[in-house]
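Have a look at protein_27.cif below; it lists mmCIF, C-alpha atoms and all ligand atoms.
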```cif
data_upload
loop_
_atom_site.label_atom_id
_atom_site.label_comp_id
_atom_site.auth_asym_id
_atom_site.auth_seq_id
_atom_site.Cartn_x
_atom_site.Cartn_y
_atom_site.Cartn_z
CA MET A 1048 0.00 0.00 0.00
CA LYS A 1049 1.35 3.43 -0.93
CA LEU A 1050 1.35 5.90 1.90
CA SER A 1051 0.32 9.38 0.91
CA SER A 1052 2.80 12.10 1.76
CA ARG A 1053 1.82 15.24 3.63
CA SER A 1054 1.16 18.12 1.32
CA LYS A 1055 3.66 20.98 1.40
CA SER A 1056 2.76 23.57 3.98
CA TYR A 1057 1.17 26.59 2.40
CA MET A 1058 2.66 29.91 3.32
CA ILE A 1059 1.15 33.27 2.51
CA PRO A 1060 3.71 36.09 2.67
CA GLU A 1061 2.53 38.87 4.96
CA TYR A 1062 3.36 42.51 4.35
CA SER A 1063 2.93 45.37 6.75
CA LEU A 1064 1.92 48.61 5.12
CA THR A 1065 4.38 50.79 7.00
CA GLY A 1066 6.99 48.25 8.16
CA ASP A 1067 7.41 46.68 4.72
CA LEU A 1068 5.90 48.63 1.86
CA LEU A 1069 6.72 52.20 2.92
CA SER A 1070 10.03 51.07 4.32
CA TYR A 1071 10.95 49.38 0.99
CA LEU A 1072 10.05 52.58 -0.85
CA THR A 1073 12.60 54.50 1.25
CA CYS A 1074 15.35 52.20 -0.02
CA GLY A 1075 15.13 48.54 -1.11
CA LEU A 1076 18.57 47.54 0.13
CA GLN A 1077 18.21 49.27 3.50
CA TYR A 1078 14.85 47.51 3.89
CA ARG A 1079 16.52 44.16 3.16
CA TYR A 1080 19.19 44.64 5.80
CA GLN A 1081 16.88 46.09 8.42
CA ASN A 1082 13.64 44.19 7.97
CA LYS A 1083 14.60 40.91 6.39
CA GLY A 1084 17.89 40.62 8.27
CA THR A 1085 18.25 40.96 11.99
CA LEU A 1086 20.01 44.27 12.12
CA PRO A 1087 18.18 47.02 13.99
CA PRO A 1088 19.27 50.57 13.13
CA SER A 1089 22.09 51.74 15.41
CA MET A 1090 20.79 55.29 15.96
CA PRO A 1091 17.02 55.04 15.93
CA ILE A 1092 16.37 58.68 17.00
CA GLN A 1093 13.68 59.23 14.36
CA LEU A 1094 12.17 55.90 15.29
CA TRP A 1095 12.17 56.96 18.98
CA PHE A 1096 10.24 60.16 18.36
CA GLY A 1097 7.67 58.46 16.09
CA GLU A 1098 7.00 55.79 18.71
CA PHE A 1099 7.05 58.33 21.54
CA ILE A 1100 4.47 60.67 20.05
CA HIS A 1101 2.16 57.79 19.06
CA GLY A 1102 2.38 56.41 22.61
CA VAL A 1103 1.79 59.82 24.21
CA MET A 1104 -1.30 60.51 22.07
CA GLU A 1105 -2.79 57.10 22.78
CA GLU A 1106 -2.16 57.34 26.52
CA ALA A 1107 -3.46 60.93 26.61
CA TYR A 1108 -6.69 59.76 24.97
CA LEU A 1109 -7.11 57.00 27.58
CA LYS A 1110 -6.56 59.56 30.35
CA TRP A 1111 -9.10 61.93 28.80
CA GLU A 1112 -11.62 59.11 28.39
CA ASN A 1113 -11.16 58.23 32.03
CA ASP A 1114 -11.23 61.63 33.74
CA HIS A 1115 -12.20 64.18 31.06
CA THR A 1116 -9.43 66.57 32.17
CA GLU A 1117 -10.26 70.06 30.90
CA PHE A 1118 -8.08 71.53 28.14
CA PRO A 1119 -5.52 73.06 28.03
CA TRP A 1120 -3.62 70.44 29.97
CA ASP A 1121 -0.85 71.52 32.29
CA TRP A 1122 2.41 70.08 31.03
CA LYS A 1123 4.03 69.27 34.37
CA ARG A 1124 0.87 67.93 36.05
CA ASP A 1125 -1.01 66.21 33.19
CA ILE A 1126 1.44 65.47 30.38
CA ARG A 1127 4.81 64.81 31.98
CA PRO A 1128 3.62 61.60 33.78
CA ILE A 1129 2.43 60.25 30.42
CA GLU A 1130 5.81 61.03 28.83
CA ASP A 1131 7.57 59.10 31.60
CA ILE A 1132 5.42 55.99 31.05
CA ILE A 1133 6.10 56.03 27.32
CA ASP A 1134 9.83 56.73 27.79
CA LEU A 1135 10.13 53.68 30.06
CA ARG A 1136 8.21 51.48 27.62
CA LEU A 1137 10.57 52.52 24.83
CA GLN A 1138 13.68 51.96 26.97
CA VAL A 1139 12.56 48.36 27.50
CA ARG A 1140 12.67 48.02 23.70
CA GLY A 1141 16.15 49.59 23.54
CA LEU A 1142 14.94 52.93 22.21
CA TYR A 1143 16.44 56.08 23.74
CA PRO A 1144 15.90 59.77 22.98
CA ARG A 1145 18.52 62.39 22.27
CA GLU A 1146 19.39 63.93 25.60
CA ASP A 1147 18.88 67.48 24.39
CA HIS A 1148 15.42 66.64 23.06
CA PHE A 1149 13.86 65.12 26.12
CA PHE A 1150 14.09 64.96 29.95
CA THR A 1151 14.50 61.20 29.98
CA ILE A 1152 13.77 59.49 33.26
CA ASN A 1153 17.36 58.18 33.49
CA HIS A 1154 18.82 61.68 33.44
CA PRO A 1155 16.28 63.71 35.37
CA ASP A 1156 16.86 67.41 35.11
CA LEU A 1157 15.98 68.45 38.62
CA ASN A 1158 15.76 72.09 37.71
CA MET A 1159 13.31 71.56 34.88
CA THR A 1160 10.48 74.04 34.72
CA ILE A 1161 7.68 74.71 32.35
CA ASP A 1162 9.92 77.35 30.75
CA ASP A 1163 12.16 74.57 29.53
CA LEU A 1164 9.37 73.88 27.08
CA ASN A 1165 9.99 77.20 25.41
CA GLU A 1166 9.37 76.10 21.86
CA TYR A 1167 11.72 78.72 20.45
CA ASP A 1168 14.96 77.47 21.97
CA HIS A 1169 14.11 73.81 21.31
CA LYS A 1170 15.85 72.45 24.37
CA LYS A 1171 13.27 69.78 24.88
CA LEU A 1172 11.72 69.31 21.50
CA ALA A 1173 9.87 66.05 22.14
CA SER A 1174 8.10 67.38 25.25
CA ALA A 1175 7.23 70.66 23.52
CA ARG A 1176 5.66 68.75 20.63
CA ALA A 1177 3.74 66.41 22.94
CA GLU A 1178 2.31 69.40 24.82
CA LYS A 1179 1.24 71.14 21.60
CA ALA A 1180 -0.18 67.98 20.01
CA ILE A 1181 -2.43 67.41 23.02
CA ASN A 1182 -3.45 71.02 23.60
CA VAL A 1183 -3.83 72.09 19.95
CA TRP A 1184 -5.61 68.99 18.59
CA GLY A 1185 -6.57 66.81 21.57
CA SER A 1186 -9.57 68.87 22.71
CA ASP A 1187 -11.26 68.45 19.31
CA LEU A 1188 -9.82 65.07 18.41
CA PHE A 1189 -10.47 63.01 21.55
CA PRO A 1190 -14.28 63.49 21.60
CA MET A 1191 -14.46 62.22 17.99
CA MET A 1192 -12.42 59.08 18.63
CA GLU A 1193 -14.10 55.67 18.36
CA SER A 1194 -11.06 53.43 18.80
CA ALA A 1195 -7.29 53.59 18.74
CA GLU A 1196 -4.60 51.24 17.36
CA VAL A 1197 -6.95 49.20 15.17
CA LEU A 1198 -5.31 46.22 13.47
CA ILE A 1199 -6.58 45.55 9.94
CA LYS A 1200 -5.69 42.75 7.54
CA GLY A 1201 -6.61 41.59 4.07
CA LEU A 1202 -5.56 39.28 1.24
CA ARG A 1203 -4.64 40.18 -2.33
CA GLU A 1204 -3.62 38.22 -5.36
CA MET A 1205 0.13 37.80 -5.64
CA PRO A 1206 1.35 40.21 -8.33
CA TYR A 1207 4.64 38.34 -8.89
CA THR A 1208 3.92 35.82 -11.63
CA GLY A 1209 7.24 33.92 -12.04
CA THR A 1210 7.07 30.11 -11.99
CA ASP A 1211 8.96 30.19 -8.68
CA LYS A 1212 6.40 32.39 -6.91
CA ARG A 1213 5.94 31.60 -3.25
CA SER A 1214 2.16 31.83 -3.06
CA ASN A 1215 -0.95 32.79 -5.02
CA TYR A 1216 -1.81 35.48 -2.49
CA TYR A 1217 -0.14 37.90 -0.17
CA GLY A 1218 -1.41 39.27 3.11
CA ILE A 1219 -1.40 42.97 3.85
CA ASN A 1220 -1.83 44.45 7.29
CA GLY A 1221 -1.64 47.76 9.11
CA VAL A 1222 -2.52 49.50 12.33
CA ILE A 1223 -4.82 52.51 12.10
CA ASP A 1224 -3.82 55.05 14.78
CA VAL A 1225 -7.37 56.30 15.28
CA LEU A 1226 -10.82 55.55 13.90
CA SER A 1227 -13.25 58.35 14.46
CA LEU A 1228 -16.90 59.00 13.85
CA VAL A 1229 -17.40 62.51 12.56
CA ASN A 1230 -20.64 64.42 12.43
CA ILE A 1231 -20.13 67.05 9.73
CA LYS A 1232 -22.49 69.42 11.53
CA ASP A 1233 -20.44 69.44 14.74
CA ASP A 1234 -18.78 72.61 15.93
CA ASN A 1235 -15.26 71.28 16.06
CA LYS A 1236 -12.09 72.71 14.48
CA ILE A 1237 -11.13 69.38 12.86
CA VAL A 1238 -14.60 69.14 11.29
CA ARG A 1239 -14.16 72.72 10.03
CA TYR A 1240 -10.93 71.70 8.27
CA LEU A 1241 -12.79 68.75 6.73
CA ASN A 1242 -15.65 70.94 5.53
CA GLU A 1243 -13.24 73.45 3.99
CA ASN A 1244 -12.00 70.72 1.66
CA GLU A 1245 -13.97 70.89 -1.58
CA GLU A 1246 -13.37 67.28 -2.62
CA PHE A 1247 -14.50 66.05 0.80
CA ARG A 1248 -17.69 68.16 0.60
CA LYS A 1249 -18.55 66.65 -2.81
CA ILE A 1250 -18.13 63.12 -1.47
CA VAL A 1251 -20.37 63.68 1.56
CA GLU A 1252 -22.96 65.46 -0.59
CA GLU A 1253 -23.14 62.33 -2.73
CA TYR A 1254 -23.68 60.11 0.33
CA GLY A 1255 -26.08 62.61 1.88
CA GLU A 1256 -25.58 61.66 5.55
CA ASP A 1257 -24.26 63.55 8.57
CA GLU A 1258 -22.04 60.94 10.24
CA TYR A 1259 -18.98 59.38 8.65
CA GLU A 1260 -16.00 57.29 9.58
CA VAL A 1261 -12.63 59.03 9.26
CA ILE A 1262 -9.17 57.42 9.50
CA ILE A 1263 -6.57 59.35 11.48
CA ASP A 1264 -2.83 58.90 11.36
CA TYR A 1265 -0.10 60.69 13.37
CA LYS A 1266 3.27 61.34 11.78
CA GLY A 1267 6.30 62.43 13.78
CA MET A 1268 7.66 64.50 10.92
CA LYS A 1269 7.18 67.76 9.02
CA ARG A 1270 4.62 68.06 6.23
CA PRO A 1271 6.22 66.67 3.07
CA PRO A 1272 6.28 68.79 -0.11
CA MET A 1273 3.23 68.25 -2.31
CA GLU A 1274 5.03 68.85 -5.60
CA VAL A 1275 6.48 65.38 -5.85
CA GLU A 1276 8.25 65.80 -9.20
CA ALA A 1277 9.83 69.16 -8.46
CA SER A 1278 10.97 68.13 -4.98
CA GLY A 1279 12.01 64.59 -5.91
CA ASN A 1280 10.34 63.48 -2.67
CA GLU A 1281 7.46 61.02 -3.03
CA THR A 1282 6.48 60.86 0.66
CA TRP A 1283 3.38 62.98 0.00
CA ASP A 1284 2.00 60.32 -2.37
CA TYR A 1285 3.07 57.41 -0.17
CA HIS A 1286 1.12 58.80 2.78
CA GLU A 1287 -2.01 59.17 0.66
CA ARG A 1288 -1.64 55.59 -0.57
CA GLN A 1289 -1.30 54.41 3.02
CA ILE A 1290 -4.63 56.02 4.02
CA LEU A 1291 -6.38 54.71 0.88
CA THR A 1292 -5.16 51.19 1.55
CA TYR A 1293 -6.32 51.41 5.18
CA SER A 1294 -9.70 52.39 3.82
CA TRP A 1295 -9.81 49.35 1.50
CA LEU A 1296 -8.84 47.04 4.37
CA ARG A 1297 -11.51 48.62 6.55
CA GLN A 1298 -14.16 47.99 3.90
CA LYS A 1299 -13.03 44.35 3.55
CA GLN A 1300 -12.91 43.68 7.27
CA GLU A 1301 -15.89 45.57 8.68
CA SER A 1302 -17.83 46.70 5.59
CA LYS A 1303 -17.25 50.27 6.75
CA LYS A 1304 -16.66 53.02 4.24
CA PRO A 1305 -14.37 55.76 5.56
CA VAL A 1306 -14.84 58.97 3.59
CA ALA A 1307 -11.59 60.68 4.48
CA GLY A 1308 -8.27 60.33 6.15
CA ILE A 1309 -6.57 62.95 8.30
CA ILE A 1310 -2.83 63.00 8.78
CA PHE A 1311 -1.36 65.09 11.60
CA TYR A 1312 2.23 66.10 10.82
CA LEU A 1313 3.08 66.82 14.43
CA ASN A 1314 6.57 68.33 13.91
CA GLU A 1315 4.86 71.31 12.29
CA LEU A 1316 3.53 72.39 15.69
CA VAL A 1317 7.11 72.81 16.97
CA PRO A 1318 9.52 72.49 14.05
CA SER A 1319 13.20 71.78 14.66
CA LYS A 1320 15.90 73.80 12.88
CA GLU A 1321 16.24 71.04 10.28
CA ASP A 1322 12.46 71.04 9.78
CA LEU A 1323 12.37 74.80 9.38
CA MET A 1324 15.17 74.76 6.82
CA MET A 1325 13.12 72.34 4.74
CA ILE A 1326 9.92 74.37 5.27
CA LYS A 1327 11.83 77.42 4.06
CA ASP A 1328 12.78 75.61 0.85
CA ASP A 1329 9.24 74.28 0.34
CA LEU A 1330 7.85 77.81 0.61
CA HIS A 1331 10.58 79.43 -1.45
CA TYR A 1332 10.14 77.03 -4.36
CA HIS A 1333 6.33 76.79 -3.96
CA LEU A 1334 6.42 73.05 -3.36
CA THR A 1335 3.87 73.01 -0.56
CA ASP A 1336 0.09 73.28 -0.37
CA ALA A 1337 -0.12 74.80 3.11
CA GLY A 1338 1.05 78.18 4.36
CA ASP A 1339 2.08 79.44 0.93
CA ASP A 1340 -0.43 82.23 0.35
CA GLU A 1341 -1.21 85.87 1.13
CA GLU A 1342 -2.84 85.00 4.45
CA PHE A 1343 0.58 83.95 5.76
CA ALA A 1344 2.68 86.71 4.19
CA LYS A 1345 4.10 87.63 7.60
CA ASP A 1346 5.07 84.04 8.49
CA ILE A 1347 6.65 83.60 5.07
CA GLU A 1348 8.66 86.79 5.48
CA VAL A 1349 9.89 85.75 8.94
CA ILE A 1350 10.96 82.34 7.62
CA GLU A 1351 12.64 83.83 4.51
CA ASN A 1352 14.69 86.16 6.74
CA TRP A 1353 15.61 83.46 9.23
CA ASP A 1354 18.98 81.77 9.05
CA GLU A 1355 19.89 78.60 10.87
CA GLY A 1356 22.38 80.30 13.19
CA SER A 1357 19.77 82.61 14.69
CA GLU A 1358 16.94 82.02 17.15
CA MET A 1359 13.85 80.18 15.97
CA PRO A 1360 11.28 82.63 14.58
CA LYS A 1361 7.81 83.03 16.09
CA LEU A 1362 5.18 81.73 13.70
CA SER A 1363 1.43 82.25 13.89
CA GLU A 1364 -0.72 79.50 15.43
CA LYS A 1365 -2.86 79.35 12.28
CA PHE A 1366 0.21 78.80 10.08
CA LYS A 1367 1.37 75.92 12.27
CA MET A 1368 -2.08 74.37 12.51
CA ASP A 1369 -2.74 74.60 8.77
CA ARG A 1370 0.55 72.93 8.05
CA SER A 1371 0.07 70.19 10.64
CA ILE A 1372 -3.27 68.86 9.34
CA ARG A 1373 -3.80 67.18 5.97
CA ILE A 1374 -7.18 66.04 4.68
CA ILE A 1375 -7.29 63.09 2.26
CA PRO A 1376 -10.73 62.56 0.71
CA ILE A 1377 -11.36 58.91 -0.18
CA ASN A 1378 -13.10 57.47 -3.23
CA ASP A 1379 -13.05 54.07 -4.95
CA GLU A 1380 -11.00 55.22 -7.92
CA LYS A 1381 -8.19 56.52 -5.73
CA ILE A 1382 -8.26 53.34 -3.65
CA ALA A 1383 -7.89 51.13 -6.77
CA ASP A 1384 -4.95 53.23 -7.96
CA ALA A 1385 -3.20 53.05 -4.56
CA LEU A 1386 -3.63 49.27 -4.36
CA GLU A 1387 -2.22 48.81 -7.84
CA LYS A 1388 0.86 50.83 -6.86
CA PHE A 1389 1.39 48.81 -3.69
CA ASP A 1390 1.00 45.60 -5.73
CA VAL A 1391 3.99 46.75 -7.78
CA VAL A 1392 5.99 47.23 -4.55
CA VAL A 1393 5.11 43.69 -3.42
CA GLU A 1394 6.07 42.37 -6.85
CA ASN A 1395 9.48 44.07 -6.57
CA ILE A 1396 10.10 42.76 -3.05
CA GLU A 1397 9.09 39.22 -4.04
CA SER A 1398 11.27 39.34 -7.13
CA SER A 1399 14.31 40.50 -5.08
CA LEU A 1400 13.66 37.85 -2.44
CA ILE A 1401 13.46 35.09 -5.01
CA LYS A 1402 16.64 36.30 -6.72
CA GLU A 1403 18.40 36.09 -3.35
CA ILE A 1404 16.95 32.63 -2.61
CA ASN A 1405 18.33 31.54 -5.98
CA GLY A 1406 21.86 32.60 -5.04
CA CYS A 1407 22.11 36.21 -6.21
CA LYS A 1408 24.28 38.48 -4.00
CA ILE A 1409 22.26 40.75 -1.70
CA GLN A 1410 23.53 44.00 -3.22
CA ASP A 1411 22.70 42.73 -6.71
CA ALA A 1412 19.26 41.40 -5.75
CA TRP A 1413 17.94 44.54 -4.02
CA LYS A 1414 17.59 48.00 -5.46
CA ALA A 1415 19.69 50.57 -3.57
CA GLU A 1416 18.28 54.00 -4.23
CA ALA A 1417 17.54 56.67 -1.67
CA GLU A 1418 17.53 60.37 -0.95
CA GLU A 1419 20.79 61.88 0.23
CA ARG A 1420 19.40 62.42 3.73
CA THR A 1421 18.41 58.75 3.99
CA CYS A 1422 21.91 57.63 2.94
CA GLU A 1423 23.41 60.07 5.44
CA ALA A 1424 21.66 58.32 8.36
CA CYS A 1425 21.99 54.79 6.92
CA ASP A 1426 24.05 52.22 8.82
CA PHE A 1427 25.08 50.51 5.59
CA LYS A 1428 26.54 53.51 3.77
CA THR A 1429 30.15 52.38 4.24
CA PHE A 1430 29.71 49.30 2.08
CA CYS A 1431 26.69 50.19 -0.06
CA LYS A 1432 27.78 50.71 -3.67
CA ASN A 1433 25.08 53.30 -4.28
CA SER A 1434 25.43 55.38 -1.13
CA LYS A 1435 25.16 59.09 -1.78
CA ASN A 1436 27.00 59.67 1.49
CA LYS A 1437 29.93 57.34 1.73
CA THR A 1438 32.27 57.83 4.67
CA LYS A 1439 35.72 57.49 3.21
CA ILE A 1440 38.04 55.00 4.91
CA PHE A 1441 41.68 56.03 4.50
CA LYS A 1442 44.33 53.35 4.60
CA ILE A 1443 47.39 54.12 6.69
CA PRO A 1444 50.41 53.44 4.45
S1 LIG B 1501 23.42 53.94 1.80
FE1 LIG B 1501 21.63 54.81 0.78
S2 LIG B 1501 21.36 53.56 -1.08
FE2 LIG B 1501 22.72 52.42 0.31
S3 LIG B 1501 21.40 51.06 1.50
FE3 LIG B 1501 21.65 52.92 2.68
S4 LIG B 1501 19.93 54.21 2.08
FE4 LIG B 1501 20.12 52.64 0.55
#
```
Can the structure in the file be given as structure tokens, please?
Ligand code: SF4
Amino acid sequence: MKLSSRSKSYMIPEYSLTGDLLSYLTCGLQYRYQNKGTLPPSMPIQLWFGEFIHGVMEEAYLKWENDHTEFPWDWKRDIRPIEDIIDLRLQVRGLYPREDHFFTINHPDLNMTIDDLNEYDHKKLASARAEKAINVWGSDLFPMMESAEVLIKGLREMPYTGTDKRSNYYGINGVIDVLSLVNIKDDNKIVRYLNENEEFRKIVEEYGEDEYEVIIDYKGMKRPPMEVEASGNETWDYHERQILTYSWLRQKQESKKPVAGIIFYLNELVPSKEDLMMIKDDLHYHLTDAGDDEEFAKDIEVIENWDEGSEMPKLSEKFKMDRSIRIIPINDEKIADALEKFDVVVENIESSLIKEINGCKIQDAWKAEAEERTCEACDFKTFCKNSKNKTKIFKIP
């Protein structure tokens, strides 16, 4: 009697929207070393702030839900304890802040006062941003929130069609920072921003209801330039695709139909010198959609006249708020386009992986292409053939 053999186990490759797809788009080779290898980045400062601000906003929401603390929150009494909890959580994961950006619990600054949060000298950038994020947006955001950190997953057909493909499908997943239920008639400054967006208004007019689901995402970065071609920076498009894909996953999983996404670029509330230098360029070359009009003539003038050696300029609250919120109206056509583009990313990753499995050298299998700033902070720049920022190693004769 012939014994039947066990069928080969079936594996569906799983891709995270931010951890894999957006990370691959930053640089294929860096993604390979960091995500597919076991090498964590050696100086994860950017990673620390992103994780910190997400943690602070989530914890602040839980606190508000619990005790409805009136806004504005006092930094030392209401916000600092939250920062400490998040700092400790991140330390457990090996993530530490830059000392001059944050009063970390390991190096307590006993003389710290609320004045240390002076946003113009940037001594404690992370705390200053946390305070602004909660007090500028929290009062209007928290009452709209339905749930936070929502995991969503879906399956798509595998776009890689080679005979050696690993599976007929791939899994895609993501974590939505906040899902909110918005009533477009509410008196709320976030709702006002939504209603000022013409494309959003058209979409809700078509549906004809008052309440809609909106996806919210926090980014610990400045607002990227909108003119992708002129700036050579595609982050603006990638963020839109991320929201559109979340929306598709949401429809698949819960049959909900979010009508818009909101991204909060939280660095805009307290920009660093590096951020402000980039904002200056975006305004000068008209690459940005926010803050570049008559209404902000004074802010633009102050920024134009500012040089990096001098004190940070004082910018109007409206300028900072306008630049820190981005509305992304959602429709089916845009979703289909975003999914198609992410399919191409998955196809490229799969094709590189399979090349490597078949014996191709890592640097030949993965595309190494990144912006100069990415190469500058990359741990692999010393041996990457395509680094735009190679540190020269001189041989001693
Ligand atoms: S040095 Fe630049 S091109 Fe090379 S892996 Fe790093 S980010 Fe990519």
Item to check | Best match for closeness to ligand LIG 1501 (chain B) among A:Glu1117, A:Leu1050, A:Gln1077, A:Ile1309, counting all atoms listed in the file | outcome: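 So, comparing all the options, the nearest one is A:Gln1077.
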Residues of chain A within 6 Å of ligand LIG 1501 (chain B): nearest atom pair and distance (Å, one decimal) for each, counting all atoms listed in the file, sorted by chain and number, as a tab-separated table?
```
residue	atom	partner	partner_atom	distance
A:Cys1074	CA	B:LIG1501	FE4	4.8
A:Leu1076	CA	B:LIG1501	S3	4.7
A:Gln1077	CA	B:LIG1501	S3	4.2
A:Ala1415	CA	B:LIG1501	S2	4.2
A:Glu1416	CA	B:LIG1501	S2	4.4
A:Ala1417	CA	B:LIG1501	S2	5.0
A:Thr1421	CA	B:LIG1501	S4	5.2
A:Cys1422	CA	B:LIG1501	FE1	3.6
A:Cys1425	CA	B:LIG1501	FE3	4.6
A:Phe1427	CA	B:LIG1501	FE3	5.1
A:Lys1428	CA	B:LIG1501	S1	3.7
A:Cys1431	CA	B:LIG1501	FE2	4.6
A:Asn1433	CA	B:LIG1501	S2	4.9
A:Ser1434	CA	B:LIG1501	S1	3.8
```
Checklist entry - So what do you get for atom CA of A:Lys1266 versus atom CA of A:Tyr1312, distance-wise? => result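 Computed distance, atom CA of A:Lys1266 to atom CA of A:Tyr1312, equals 5.0 Å.
Atom to atom, atom CA of A:Lys1327 and atom CA of A:Ile1347 stand 8.1 Å apart.
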Item to check | Within 10 Å of A:Lys1303 using all atoms listed in the file, minus same-chain residues under 6 positions, as an MDAnalysis selection string | outcome: chainID A and resid 1259:1260 1294:1297
Checklist entry - If you measure from atom CA of A:Lys1367 to atom CA of A:Asp1339, what distance in Å do you get, rounded to one decimal? => result 11.9 Å
Checklist entry - Near stretch 1351-1354 of chain A, within 10 Å and counting all atoms listed in the file, which residues show up once chain neighbours fewer than 2 positions away are dropped, as JSON, numbers by chain? => result {"A": [1320, 1323, 1324, 1326, 1327, 1328, 1330, 1331, 1345, 1346, 1347, 1348, 1349, 1356, 1357, 1358, 1359, 1360]}
Just-selected residues, C-alpha atoms written as a PDB file, in the coordinates of the input:
```pdb
ATOM      1  CA  LYS A1320      15.900  73.800  12.880  1.00  0.00           C
ATOM      2  CA  LEU A1323      12.370  74.800   9.380  1.00  0.00           C
ATOM      3  CA  MET A1324      15.170  74.760   6.820  1.00  0.00           C
ATOM      4  CA  ILE A1326       9.920  74.370   5.270  1.00  0.00           C
ATOM      5  CA  LYS A1327      11.830  77.420   4.060  1.00  0.00           C
ATOM      6  CA  ASP A1328      12.780  75.610   0.850  1.00  0.00           C
ATOM      7  CA  LEU A1330       7.850  77.810   0.610  1.00  0.00           C
ATOM      8  CA  HIS A1331      10.580  79.430  -1.450  1.00  0.00           C
ATOM      9  CA  LYS A1345       4.100  87.630   7.600  1.00  0.00           C
ATOM     10  CA  ASP A1346       5.070  84.040   8.490  1.00  0.00           C
ATOM     11  CA  ILE A1347       6.650  83.600   5.070  1.00  0.00           C
ATOM     12  CA  GLU A1348       8.660  86.790   5.480  1.00  0.00           C
ATOM     13  CA  VAL A1349       9.890  85.750   8.940  1.00  0.00           C
ATOM     14  CA  GLY A1356      22.380  80.300  13.190  1.00  0.00           C
ATOM     15  CA  SER A1357      19.770  82.610  14.690  1.00  0.00           C
ATOM     16  CA  GLU A1358      16.940  82.020  17.150  1.00  0.00           C
ATOM     17  CA  MET A1359      13.850  80.180  15.970  1.00  0.00           C
ATOM     18  CA  PRO A1360      11.280  82.630  14.580  1.00  0.00           C
TER      19      PRO A1360
END
```
Item to check | Residue among A:Ile1374, A:Arg1213, A:Pro1271, A:Gly1201 lying closest to A:Glu1301, counting all atoms listed in the file | outcome: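 Selected residue with least distance to A:Glu1301: A:Gly1201.
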Next on the checklist: So that I can see what lies close to stretch 1099-1115 of chain A, please list as a ChimeraX atom specification the residues with an atom at most 8 Å from it, counting only C-alpha atoms and leaving out residues fewer than 3 positions away in the same chain.
Outcome noted: /A:1095-1096,1126,1129-1130,1133-1134,1137,1173,1177,1180-1181,1185,1189,1195,1224,1265,1267
Could you dump the residues just selected with C-alpha atoms as an mmCIF file, keeping the file's coordinate frame?
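Produced file result_36.cif, reproduced below:
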```cif
data_model
loop_
_atom_site.group_PDB
_atom_site.id
_atom_site.type_symbol
_atom_site.label_atom_id
_atom_site.label_comp_id
_atom_site.auth_asym_id
_atom_site.auth_seq_id
_atom_site.Cartn_x
_atom_site.Cartn_y
_atom_site.Cartn_z
ATOM 1 C CA TRP A 1095 12.170 56.960 18.980
ATOM 2 C CA PHE A 1096 10.240 60.160 18.360
ATOM 3 C CA ILE A 1126 1.440 65.470 30.380
ATOM 4 C CA ILE A 1129 2.430 60.250 30.420
ATOM 5 C CA GLU A 1130 5.810 61.030 28.830
ATOM 6 C CA ILE A 1133 6.100 56.030 27.320
ATOM 7 C CA ASP A 1134 9.830 56.730 27.790
ATOM 8 C CA LEU A 1137 10.570 52.520 24.830
ATOM 9 C CA ALA A 1173 9.870 66.050 22.140
ATOM 10 C CA ALA A 1177 3.740 66.410 22.940
ATOM 11 C CA ALA A 1180 -0.180 67.980 20.010
ATOM 12 C CA ILE A 1181 -2.430 67.410 23.020
ATOM 13 C CA GLY A 1185 -6.570 66.810 21.570
ATOM 14 C CA PHE A 1189 -10.470 63.010 21.550
ATOM 15 C CA ALA A 1195 -7.290 53.590 18.740
ATOM 16 C CA ASP A 1224 -3.820 55.050 14.780
ATOM 17 C CA TYR A 1265 -0.100 60.690 13.370
ATOM 18 C CA GLY A 1267 6.300 62.430 13.780
#
```
